[in-house]
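This is query_1.cif. It holds mmCIF, N, CA, C and O atoms.
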```cif
data_entry
loop_
_atom_site.label_atom_id
_atom_site.label_comp_id
_atom_site.auth_asym_id
_atom_site.auth_seq_id
_atom_site.Cartn_x
_atom_site.Cartn_y
_atom_site.Cartn_z
N MET A 28 0.85 -1.18 0.00
CA MET A 28 0.00 0.00 0.00
C MET A 28 0.89 1.24 0.00
O MET A 28 1.84 1.34 0.75
N SER A 29 0.56 2.22 -0.81
CA SER A 29 1.32 3.45 -0.92
C SER A 29 0.86 4.45 0.14
O SER A 29 -0.32 4.55 0.44
N SER A 30 1.80 5.21 0.68
CA SER A 30 1.45 6.25 1.64
C SER A 30 1.36 7.62 0.98
O SER A 30 1.19 8.62 1.65
N THR A 31 1.49 7.66 -0.34
CA THR A 31 1.41 8.92 -1.07
C THR A 31 -0.01 9.45 -1.04
O THR A 31 -0.93 8.74 -1.41
N PRO A 32 -0.21 10.70 -0.59
CA PRO A 32 -1.56 11.28 -0.58
C PRO A 32 -2.12 11.39 -1.99
O PRO A 32 -1.37 11.41 -2.96
N GLY A 33 -3.44 11.49 -2.10
CA GLY A 33 -4.08 11.66 -3.40
C GLY A 33 -3.70 12.99 -4.02
O GLY A 33 -3.30 13.92 -3.34
N PRO A 34 -3.78 13.09 -5.36
CA PRO A 34 -3.35 14.30 -6.05
C PRO A 34 -4.08 15.58 -5.63
O PRO A 34 -3.53 16.65 -5.72
N ARG A 35 -5.29 15.46 -5.15
CA ARG A 35 -6.05 16.65 -4.75
C ARG A 35 -5.59 17.22 -3.41
O ARG A 35 -5.79 18.38 -3.12
N SER A 36 -4.97 16.42 -2.54
CA SER A 36 -4.56 16.89 -1.22
C SER A 36 -3.14 17.44 -1.22
O SER A 36 -2.62 17.82 -0.19
N ILE A 37 -2.51 17.49 -2.37
CA ILE A 37 -1.13 17.96 -2.50
C ILE A 37 -1.14 19.32 -3.21
O ILE A 37 -1.90 19.54 -4.14
N ARG A 38 -0.26 20.22 -2.76
CA ARG A 38 -0.14 21.52 -3.46
C ARG A 38 0.81 21.31 -4.64
O ARG A 38 1.98 20.98 -4.48
N TRP A 39 0.27 21.51 -5.84
CA TRP A 39 1.03 21.33 -7.08
C TRP A 39 1.44 22.70 -7.61
O TRP A 39 0.67 23.66 -7.55
N VAL A 40 2.64 22.78 -8.17
CA VAL A 40 3.19 24.02 -8.71
C VAL A 40 3.65 23.78 -10.14
O VAL A 40 4.29 22.76 -10.42
N LYS A 41 3.33 24.72 -11.03
CA LYS A 41 3.75 24.56 -12.43
C LYS A 41 5.26 24.76 -12.53
O LYS A 41 5.82 25.70 -11.95
N SER A 42 5.91 23.89 -13.25
CA SER A 42 7.35 23.98 -13.46
C SER A 42 7.69 25.21 -14.28
O SER A 42 6.97 25.57 -15.21
N THR A 43 8.81 25.82 -13.96
CA THR A 43 9.27 26.97 -14.75
C THR A 43 9.76 26.52 -16.12
O THR A 43 9.97 27.34 -17.00
N TYR A 44 9.93 25.22 -16.32
CA TYR A 44 10.36 24.68 -17.61
C TYR A 44 9.19 24.33 -18.52
O TYR A 44 9.38 23.86 -19.62
N SER A 45 7.95 24.54 -18.04
CA SER A 45 6.78 24.21 -18.86
C SER A 45 6.67 25.18 -20.02
O SER A 45 6.98 26.36 -19.90
N GLY A 46 6.22 24.67 -21.15
CA GLY A 46 6.07 25.49 -22.35
C GLY A 46 4.80 26.32 -22.30
O GLY A 46 3.90 26.07 -21.50
N GLY A 47 4.71 27.29 -23.15
CA GLY A 47 3.54 28.16 -23.21
C GLY A 47 2.44 27.62 -24.10
O GLY A 47 1.39 28.21 -24.23
N GLU A 48 2.65 26.47 -24.72
CA GLU A 48 1.67 25.89 -25.64
C GLU A 48 0.85 24.78 -24.99
O GLU A 48 0.38 23.87 -25.66
N GLY A 49 0.69 24.83 -23.67
CA GLY A 49 -0.11 23.82 -22.99
C GLY A 49 0.67 22.62 -22.49
O GLY A 49 0.10 21.72 -21.90
N GLN A 50 1.98 22.60 -22.71
CA GLN A 50 2.79 21.49 -22.20
C GLN A 50 3.21 21.83 -20.77
O GLN A 50 4.32 22.29 -20.55
N CYS A 51 2.32 21.63 -19.83
CA CYS A 51 2.59 22.03 -18.46
C CYS A 51 2.87 20.83 -17.57
O CYS A 51 2.06 19.91 -17.48
N VAL A 52 3.99 20.89 -16.91
CA VAL A 52 4.37 19.89 -15.94
C VAL A 52 4.29 20.54 -14.58
O VAL A 52 4.75 21.66 -14.39
N GLU A 53 3.70 19.84 -13.63
CA GLU A 53 3.60 20.35 -12.26
C GLU A 53 4.34 19.40 -11.33
O GLU A 53 4.46 18.21 -11.60
N TRP A 54 4.82 19.96 -10.23
CA TRP A 54 5.46 19.14 -9.21
C TRP A 54 4.98 19.58 -7.84
O TRP A 54 4.32 20.61 -7.72
N ALA A 55 5.27 18.79 -6.83
CA ALA A 55 4.78 19.04 -5.47
C ALA A 55 5.96 19.31 -4.53
O ALA A 55 6.47 18.41 -3.88
N PRO A 56 6.42 20.58 -4.46
CA PRO A 56 7.61 20.89 -3.67
C PRO A 56 7.45 20.63 -2.18
O PRO A 56 8.41 20.18 -1.53
N ASP A 57 6.29 20.91 -1.60
CA ASP A 57 6.09 20.67 -0.17
C ASP A 57 6.19 19.19 0.15
O ASP A 57 6.78 18.79 1.16
N HIS A 58 5.61 18.36 -0.71
CA HIS A 58 5.67 16.91 -0.54
C HIS A 58 7.13 16.43 -0.63
O HIS A 58 7.56 15.59 0.16
N ALA A 59 7.88 16.99 -1.57
CA ALA A 59 9.28 16.60 -1.73
C ALA A 59 10.09 16.95 -0.49
O ALA A 59 10.90 16.14 -0.02
N ARG A 60 9.87 18.15 0.05
CA ARG A 60 10.60 18.56 1.26
C ARG A 60 10.24 17.66 2.45
O ARG A 60 11.10 17.32 3.25
N ALA A 61 8.98 17.28 2.55
CA ALA A 61 8.53 16.49 3.70
C ALA A 61 8.92 15.02 3.61
O ALA A 61 9.16 14.38 4.63
N THR A 62 8.97 14.47 2.38
CA THR A 62 9.14 13.02 2.24
C THR A 62 10.38 12.59 1.47
O THR A 62 10.75 11.43 1.53
N GLY A 63 10.96 13.51 0.69
CA GLY A 63 12.07 13.13 -0.19
C GLY A 63 11.61 12.50 -1.49
O GLY A 63 12.42 12.13 -2.33
N GLU A 64 10.30 12.40 -1.68
CA GLU A 64 9.71 11.84 -2.90
C GLU A 64 9.23 13.00 -3.78
O GLU A 64 8.45 13.83 -3.33
N PHE A 65 9.70 13.04 -5.01
CA PHE A 65 9.38 14.13 -5.93
C PHE A 65 8.26 13.68 -6.87
O PHE A 65 8.46 12.80 -7.70
N LEU A 66 7.09 14.29 -6.70
CA LEU A 66 5.93 13.94 -7.52
C LEU A 66 5.81 14.89 -8.70
O LEU A 66 5.94 16.11 -8.54
N ILE A 67 5.54 14.33 -9.88
CA ILE A 67 5.42 15.09 -11.13
C ILE A 67 4.13 14.66 -11.81
O ILE A 67 3.80 13.48 -11.83
N ARG A 68 3.39 15.63 -12.39
CA ARG A 68 2.17 15.28 -13.13
C ARG A 68 1.95 16.22 -14.31
O ARG A 68 2.56 17.29 -14.40
N ASP A 69 1.05 15.82 -15.18
CA ASP A 69 0.62 16.62 -16.33
C ASP A 69 -0.52 17.51 -15.86
O ASP A 69 -1.56 17.00 -15.41
N SER A 70 -0.37 18.82 -15.97
CA SER A 70 -1.40 19.73 -15.46
C SER A 70 -2.73 19.60 -16.21
O SER A 70 -3.77 19.94 -15.67
N LYS A 71 -2.68 19.09 -17.43
CA LYS A 71 -3.93 18.93 -18.20
C LYS A 71 -4.73 17.72 -17.72
O LYS A 71 -5.89 17.57 -18.09
N ASN A 72 -4.12 16.87 -16.89
CA ASN A 72 -4.80 15.68 -16.39
C ASN A 72 -4.52 15.54 -14.89
O ASN A 72 -3.85 14.61 -14.45
N PRO A 73 -5.05 16.47 -14.06
CA PRO A 73 -4.72 16.48 -12.64
C PRO A 73 -5.16 15.22 -11.88
O PRO A 73 -4.59 14.90 -10.84
N ASP A 74 -6.15 14.52 -12.37
CA ASP A 74 -6.60 13.29 -11.71
C ASP A 74 -5.94 12.05 -12.29
O ASP A 74 -6.22 10.93 -11.86
N GLY A 75 -5.08 12.25 -13.26
CA GLY A 75 -4.40 11.12 -13.91
C GLY A 75 -3.20 10.66 -13.11
O GLY A 75 -2.96 11.12 -11.98
N PRO A 76 -2.42 9.79 -13.68
CA PRO A 76 -1.26 9.26 -12.97
C PRO A 76 -0.18 10.32 -12.78
O PRO A 76 -0.16 11.34 -13.47
N HIS A 77 0.69 10.08 -11.84
CA HIS A 77 1.84 10.96 -11.63
C HIS A 77 3.08 10.10 -11.44
O HIS A 77 2.99 8.92 -11.15
N LEU A 78 4.21 10.73 -11.65
CA LEU A 78 5.49 10.07 -11.43
C LEU A 78 5.95 10.34 -10.01
O LEU A 78 5.76 11.45 -9.51
N ALA A 79 6.57 9.38 -9.38
CA ALA A 79 7.20 9.55 -8.08
C ALA A 79 8.68 9.28 -8.28
O ALA A 79 9.08 8.16 -8.59
N LEU A 80 9.50 10.32 -8.15
CA LEU A 80 10.93 10.21 -8.42
C LEU A 80 11.75 10.41 -7.15
O LEU A 80 11.34 11.11 -6.23
N THR A 81 12.94 9.82 -7.16
CA THR A 81 13.92 10.10 -6.11
C THR A 81 14.52 11.47 -6.39
O THR A 81 14.32 12.06 -7.47
N HIS A 82 15.32 11.97 -5.46
CA HIS A 82 16.01 13.24 -5.67
C HIS A 82 16.89 13.15 -6.91
O HIS A 82 16.90 14.06 -7.74
N GLU A 83 17.60 12.04 -7.06
CA GLU A 83 18.47 11.86 -8.22
C GLU A 83 17.67 11.82 -9.53
O GLU A 83 18.08 12.39 -10.54
N GLY A 84 16.54 11.14 -9.51
CA GLY A 84 15.70 11.08 -10.70
C GLY A 84 15.14 12.44 -11.08
O GLY A 84 15.08 12.81 -12.25
N PHE A 85 14.73 13.21 -10.07
CA PHE A 85 14.21 14.55 -10.31
C PHE A 85 15.30 15.45 -10.87
O PHE A 85 15.07 16.20 -11.82
N THR A 86 16.50 15.36 -10.30
CA THR A 86 17.62 16.15 -10.79
C THR A 86 17.91 15.82 -12.26
O THR A 86 18.14 16.72 -13.07
N GLY A 87 17.85 14.55 -12.60
CA GLY A 87 18.05 14.14 -13.99
C GLY A 87 16.98 14.70 -14.92
O GLY A 87 17.27 15.13 -16.04
N LEU A 88 15.74 14.70 -14.45
CA LEU A 88 14.65 15.25 -15.26
C LEU A 88 14.84 16.75 -15.49
O LEU A 88 14.65 17.25 -16.61
N VAL A 89 15.25 17.47 -14.46
CA VAL A 89 15.49 18.91 -14.60
C VAL A 89 16.63 19.17 -15.59
O VAL A 89 16.54 20.05 -16.45
N GLU A 90 17.70 18.39 -15.48
CA GLU A 90 18.83 18.54 -16.42
C GLU A 90 18.38 18.26 -17.86
O GLU A 90 18.78 18.97 -18.79
N LEU A 91 17.56 17.25 -18.04
CA LEU A 91 17.03 16.94 -19.37
C LEU A 91 16.22 18.12 -19.91
O LEU A 91 16.37 18.52 -21.08
N ALA A 92 15.37 18.70 -19.07
CA ALA A 92 14.55 19.85 -19.49
C ALA A 92 15.43 21.05 -19.85
O ALA A 92 15.15 21.75 -20.82
N LYS A 93 16.48 21.27 -19.09
CA LYS A 93 17.38 22.40 -19.36
C LYS A 93 18.05 22.24 -20.73
O LYS A 93 18.21 23.23 -21.44
N HIS A 94 18.45 21.04 -21.06
CA HIS A 94 19.22 20.82 -22.27
C HIS A 94 18.39 20.53 -23.52
O HIS A 94 18.85 20.69 -24.64
N HIS A 95 17.15 20.07 -23.31
CA HIS A 95 16.32 19.69 -24.46
C HIS A 95 14.98 20.40 -24.47
O HIS A 95 14.10 20.03 -25.24
N GLY A 96 14.82 21.38 -23.57
CA GLY A 96 13.65 22.22 -23.46
C GLY A 96 12.41 21.62 -23.90
O GLY A 96 11.40 21.90 -24.19
#
```

For this file, write the structure as structure tokens.
Amino acid sequence: MSSTPGPRSIRWVKSTYSGGEGQCVEWAPDHARATGEFLIRDSKNPDGPHLALTHEGFTGLVELAKHHG
């Protein structure tokens, strides 16, 4: 059983790397600070699935976004 709260009970923030054409990625910074688990979701589908990444995985995703926008 997962202890991750449901997507509605988490404060989601749009990534500064999101595009202006509707390609919006959101993450949950408060959840990451509290648990060390980095949650990522598609803002167009807030009730859909989300990714749960480690700090290293999140860092890799940010680096990918920086280099491949």

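The interatomic distance for the pair atom N of Ala55 (chain A) and CA of Phe85 (chain A) works out to 10.5 Å.
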
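Rounded to one decimal, atom O of Arg38 (chain A) and CA of Trp54 (chain A) lie 6.2 Å from each other.
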
Decode the PyMOL selection byres (((chain A and resi 57 and name CA) around 12) and name CA) for the given file into explicit residues and return them as a PyMOL selection string.
-> chain A and resi 36-40+54-56+58-66

Separation of atom O of Glu83 (chain A) from atom O of Ser70 (chain A), in Å and rounded to one decimal |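 Interatomic distance, atom O of Glu83 (chain A) to atom O of Ser70 (chain A): 23.7 Å.
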
Matched chain/residue IDs from the PyMOL selection byres (((chain A and resi 89 and name CA) around 12) and name CA), as a PDB file with N, CA, C and O atoms, in the frame of the given file:
```
ATOM      1  N   SER A  42       5.910  23.890 -13.250  1.00  0.00           N
ATOM      2  CA  SER A  42       7.350  23.980 -13.460  1.00  0.00           C
ATOM      3  C   SER A  42       7.690  25.210 -14.280  1.00  0.00           C
ATOM      4  O   SER A  42       6.970  25.570 -15.210  1.00  0.00           O
ATOM      5  N   THR A  43       8.810  25.820 -13.960  1.00  0.00           N
ATOM      6  CA  THR A  43       9.270  26.970 -14.750  1.00  0.00           C
ATOM      7  C   THR A  43       9.760  26.520 -16.120  1.00  0.00           C
ATOM      8  O   THR A  43       9.970  27.340 -17.000  1.00  0.00           O
ATOM      9  N   TYR A  44       9.930  25.220 -16.320  1.00  0.00           N
ATOM     10  CA  TYR A  44      10.360  24.680 -17.610  1.00  0.00           C
ATOM     11  C   TYR A  44       9.190  24.330 -18.520  1.00  0.00           C
ATOM     12  O   TYR A  44       9.380  23.860 -19.620  1.00  0.00           O
ATOM     13  N   SER A  45       7.950  24.540 -18.040  1.00  0.00           N
ATOM     14  CA  SER A  45       6.780  24.210 -18.860  1.00  0.00           C
ATOM     15  C   SER A  45       6.670  25.180 -20.020  1.00  0.00           C
ATOM     16  O   SER A  45       6.980  26.360 -19.900  1.00  0.00           O
ATOM     17  N   VAL A  52       3.990  20.890 -16.910  1.00  0.00           N
ATOM     18  CA  VAL A  52       4.370  19.890 -15.940  1.00  0.00           C
ATOM     19  C   VAL A  52       4.290  20.540 -14.580  1.00  0.00           C
ATOM     20  O   VAL A  52       4.750  21.660 -14.390  1.00  0.00           O
ATOM     21  N   TRP A  54       4.820  19.960 -10.230  1.00  0.00           N
ATOM     22  CA  TRP A  54       5.460  19.140  -9.210  1.00  0.00           C
ATOM     23  C   TRP A  54       4.980  19.580  -7.840  1.00  0.00           C
ATOM     24  O   TRP A  54       4.320  20.610  -7.720  1.00  0.00           O
ATOM     25  N   PHE A  65       9.700  13.040  -5.010  1.00  0.00           N
ATOM     26  CA  PHE A  65       9.380  14.130  -5.930  1.00  0.00           C
ATOM     27  C   PHE A  65       8.260  13.680  -6.870  1.00  0.00           C
ATOM     28  O   PHE A  65       8.460  12.800  -7.700  1.00  0.00           O
ATOM     29  N   ILE A  67       5.540  14.330  -9.880  1.00  0.00           N
ATOM     30  CA  ILE A  67       5.420  15.090 -11.130  1.00  0.00           C
ATOM     31  C   ILE A  67       4.130  14.660 -11.810  1.00  0.00           C
ATOM     32  O   ILE A  67       3.800  13.480 -11.830  1.00  0.00           O
ATOM     33  N   LEU A  80       9.500  10.320  -8.150  1.00  0.00           N
ATOM     34  CA  LEU A  80      10.930  10.210  -8.420  1.00  0.00           C
ATOM     35  C   LEU A  80      11.750  10.410  -7.150  1.00  0.00           C
ATOM     36  O   LEU A  80      11.340  11.110  -6.230  1.00  0.00           O
ATOM     37  N   HIS A  82      15.320  11.970  -5.460  1.00  0.00           N
ATOM     38  CA  HIS A  82      16.010  13.240  -5.670  1.00  0.00           C
ATOM     39  C   HIS A  82      16.890  13.150  -6.910  1.00  0.00           C
ATOM     40  O   HIS A  82      16.900  14.060  -7.740  1.00  0.00           O
ATOM     41  N   GLU A  83      17.600  12.040  -7.060  1.00  0.00           N
ATOM     42  CA  GLU A  83      18.470  11.860  -8.220  1.00  0.00           C
ATOM     43  C   GLU A  83      17.670  11.820  -9.530  1.00  0.00           C
ATOM     44  O   GLU A  83      18.080  12.390 -10.540  1.00  0.00           O
ATOM     45  N   GLY A  84      16.540  11.140  -9.510  1.00  0.00           N
ATOM     46  CA  GLY A  84      15.700  11.080 -10.700  1.00  0.00           C
ATOM     47  C   GLY A  84      15.140  12.440 -11.080  1.00  0.00           C
ATOM     48  O   GLY A  84      15.080  12.810 -12.250  1.00  0.00           O
ATOM     49  N   PHE A  85      14.730  13.210 -10.070  1.00  0.00           N
ATOM     50  CA  PHE A  85      14.210  14.550 -10.310  1.00  0.00           C
ATOM     51  C   PHE A  85      15.300  15.450 -10.870  1.00  0.00           C
ATOM     52  O   PHE A  85      15.070  16.200 -11.820  1.00  0.00           O
ATOM     53  N   THR A  86      16.500  15.360 -10.300  1.00  0.00           N
ATOM     54  CA  THR A  86      17.620  16.150 -10.790  1.00  0.00           C
ATOM     55  C   THR A  86      17.910  15.820 -12.260  1.00  0.00           C
ATOM     56  O   THR A  86      18.140  16.720 -13.070  1.00  0.00           O
ATOM     57  N   GLY A  87      17.850  14.550 -12.600  1.00  0.00           N
ATOM     58  CA  GLY A  87      18.050  14.140 -13.990  1.00  0.00           C
ATOM     59  C   GLY A  87      16.980  14.700 -14.920  1.00  0.00           C
ATOM     60  O   GLY A  87      17.270  15.130 -16.040  1.00  0.00           O
ATOM     61  N   LEU A  88      15.740  14.700 -14.450  1.00  0.00           N
ATOM     62  CA  LEU A  88      14.650  15.250 -15.260  1.00  0.00           C
ATOM     63  C   LEU A  88      14.840  16.750 -15.490  1.00  0.00           C
ATOM     64  O   LEU A  88      14.650  17.250 -16.610  1.00  0.00           O
ATOM     65  N   GLU A  90      17.700  18.390 -15.480  1.00  0.00           N
ATOM     66  CA  GLU A  90      18.830  18.540 -16.420  1.00  0.00           C
ATOM     67  C   GLU A  90      18.380  18.260 -17.860  1.00  0.00           C
ATOM     68  O   GLU A  90      18.780  18.970 -18.790  1.00  0.00           O
ATOM     69  N   LEU A  91      17.560  17.250 -18.040  1.00  0.00           N
ATOM     70  CA  LEU A  91      17.030  16.940 -19.370  1.00  0.00           C
ATOM     71  C   LEU A  91      16.220  18.120 -19.910  1.00  0.00           C
ATOM     72  O   LEU A  91      16.370  18.520 -21.080  1.00  0.00           O
ATOM     73  N   ALA A  92      15.370  18.700 -19.070  1.00  0.00           N
ATOM     74  CA  ALA A  92      14.550  19.850 -19.490  1.00  0.00           C
ATOM     75  C   ALA A  92      15.430  21.050 -19.850  1.00  0.00           C
ATOM     76  O   ALA A  92      15.150  21.750 -20.820  1.00  0.00           O
ATOM     77  N   LYS A  93      16.480  21.270 -19.090  1.00  0.00           N
ATOM     78  CA  LYS A  93      17.380  22.400 -19.360  1.00  0.00           C
ATOM     79  C   LYS A  93      18.050  22.240 -20.730  1.00  0.00           C
ATOM     80  O   LYS A  93      18.210  23.230 -21.440  1.00  0.00           O
ATOM     81  N   HIS A  94      18.450  21.040 -21.060  1.00  0.00           N
ATOM     82  CA  HIS A  94      19.220  20.820 -22.270  1.00  0.00           C
ATOM     83  C   HIS A  94      18.390  20.530 -23.520  1.00  0.00           C
ATOM     84  O   HIS A  94      18.850  20.690 -24.640  1.00  0.00           O
ATOM     85  N   HIS A  95      17.150  20.070 -23.310  1.00  0.00           N
ATOM     86  CA  HIS A  95      16.320  19.690 -24.460  1.00  0.00           C
ATOM     87  C   HIS A  95      14.980  20.400 -24.470  1.00  0.00           C
ATOM     88  O   HIS A  95      14.100  20.030 -25.240  1.00  0.00           O
ATOM     89  N   GLY A  96      14.820  21.380 -23.570  1.00  0.00           N
ATOM     90  CA  GLY A  96      13.650  22.220 -23.460  1.00  0.00           C
ATOM     91  C   GLY A  96      12.410  21.620 -23.900  1.00  0.00           C
ATOM     92  O   GLY A  96      11.400  21.900 -24.190  1.00  0.00           O
TER      93      GLY A  96
END
```

List, as a ChimeraX atom specification, every residue that the PyMOL selection byres (((chain A and resi 69 and name CA) around 7) and name CA) selects in the file provided.
-> /A:51-53,68,70-73

Keeping only N, CA, C and O atoms, write the selected residues to a file as a PDB file, in the coordinates of the input.
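again.pdb was written with the following content:
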```
ATOM      1  N   CYS A  51       2.320  21.630 -19.830  1.00  0.00           N
ATOM      2  CA  CYS A  51       2.590  22.030 -18.460  1.00  0.00           C
ATOM      3  C   CYS A  51       2.870  20.830 -17.570  1.00  0.00           C
ATOM      4  O   CYS A  51       2.060  19.910 -17.480  1.00  0.00           O
ATOM      5  N   VAL A  52       3.990  20.890 -16.910  1.00  0.00           N
ATOM      6  CA  VAL A  52       4.370  19.890 -15.940  1.00  0.00           C
ATOM      7  C   VAL A  52       4.290  20.540 -14.580  1.00  0.00           C
ATOM      8  O   VAL A  52       4.750  21.660 -14.390  1.00  0.00           O
ATOM      9  N   GLU A  53       3.700  19.840 -13.630  1.00  0.00           N
ATOM     10  CA  GLU A  53       3.600  20.350 -12.260  1.00  0.00           C
ATOM     11  C   GLU A  53       4.340  19.400 -11.330  1.00  0.00           C
ATOM     12  O   GLU A  53       4.460  18.210 -11.600  1.00  0.00           O
ATOM     13  N   ARG A  68       3.390  15.630 -12.390  1.00  0.00           N
ATOM     14  CA  ARG A  68       2.170  15.280 -13.130  1.00  0.00           C
ATOM     15  C   ARG A  68       1.950  16.220 -14.310  1.00  0.00           C
ATOM     16  O   ARG A  68       2.560  17.290 -14.400  1.00  0.00           O
ATOM     17  N   SER A  70      -0.370  18.820 -15.970  1.00  0.00           N
ATOM     18  CA  SER A  70      -1.400  19.730 -15.460  1.00  0.00           C
ATOM     19  C   SER A  70      -2.730  19.600 -16.210  1.00  0.00           C
ATOM     20  O   SER A  70      -3.770  19.940 -15.670  1.00  0.00           O
ATOM     21  N   LYS A  71      -2.680  19.090 -17.430  1.00  0.00           N
ATOM     22  CA  LYS A  71      -3.930  18.930 -18.200  1.00  0.00           C
ATOM     23  C   LYS A  71      -4.730  17.720 -17.720  1.00  0.00           C
ATOM     24  O   LYS A  71      -5.890  17.570 -18.090  1.00  0.00           O
ATOM     25  N   ASN A  72      -4.120  16.870 -16.890  1.00  0.00           N
ATOM     26  CA  ASN A  72      -4.800  15.680 -16.390  1.00  0.00           C
ATOM     27  C   ASN A  72      -4.520  15.540 -14.890  1.00  0.00           C
ATOM     28  O   ASN A  72      -3.850  14.610 -14.450  1.00  0.00           O
ATOM     29  N   PRO A  73      -5.050  16.470 -14.060  1.00  0.00           N
ATOM     30  CA  PRO A  73      -4.720  16.480 -12.640  1.00  0.00           C
ATOM     31  C   PRO A  73      -5.160  15.220 -11.880  1.00  0.00           C
ATOM     32  O   PRO A  73      -4.590  14.900 -10.840  1.00  0.00           O
TER      33      PRO A  73
END
```
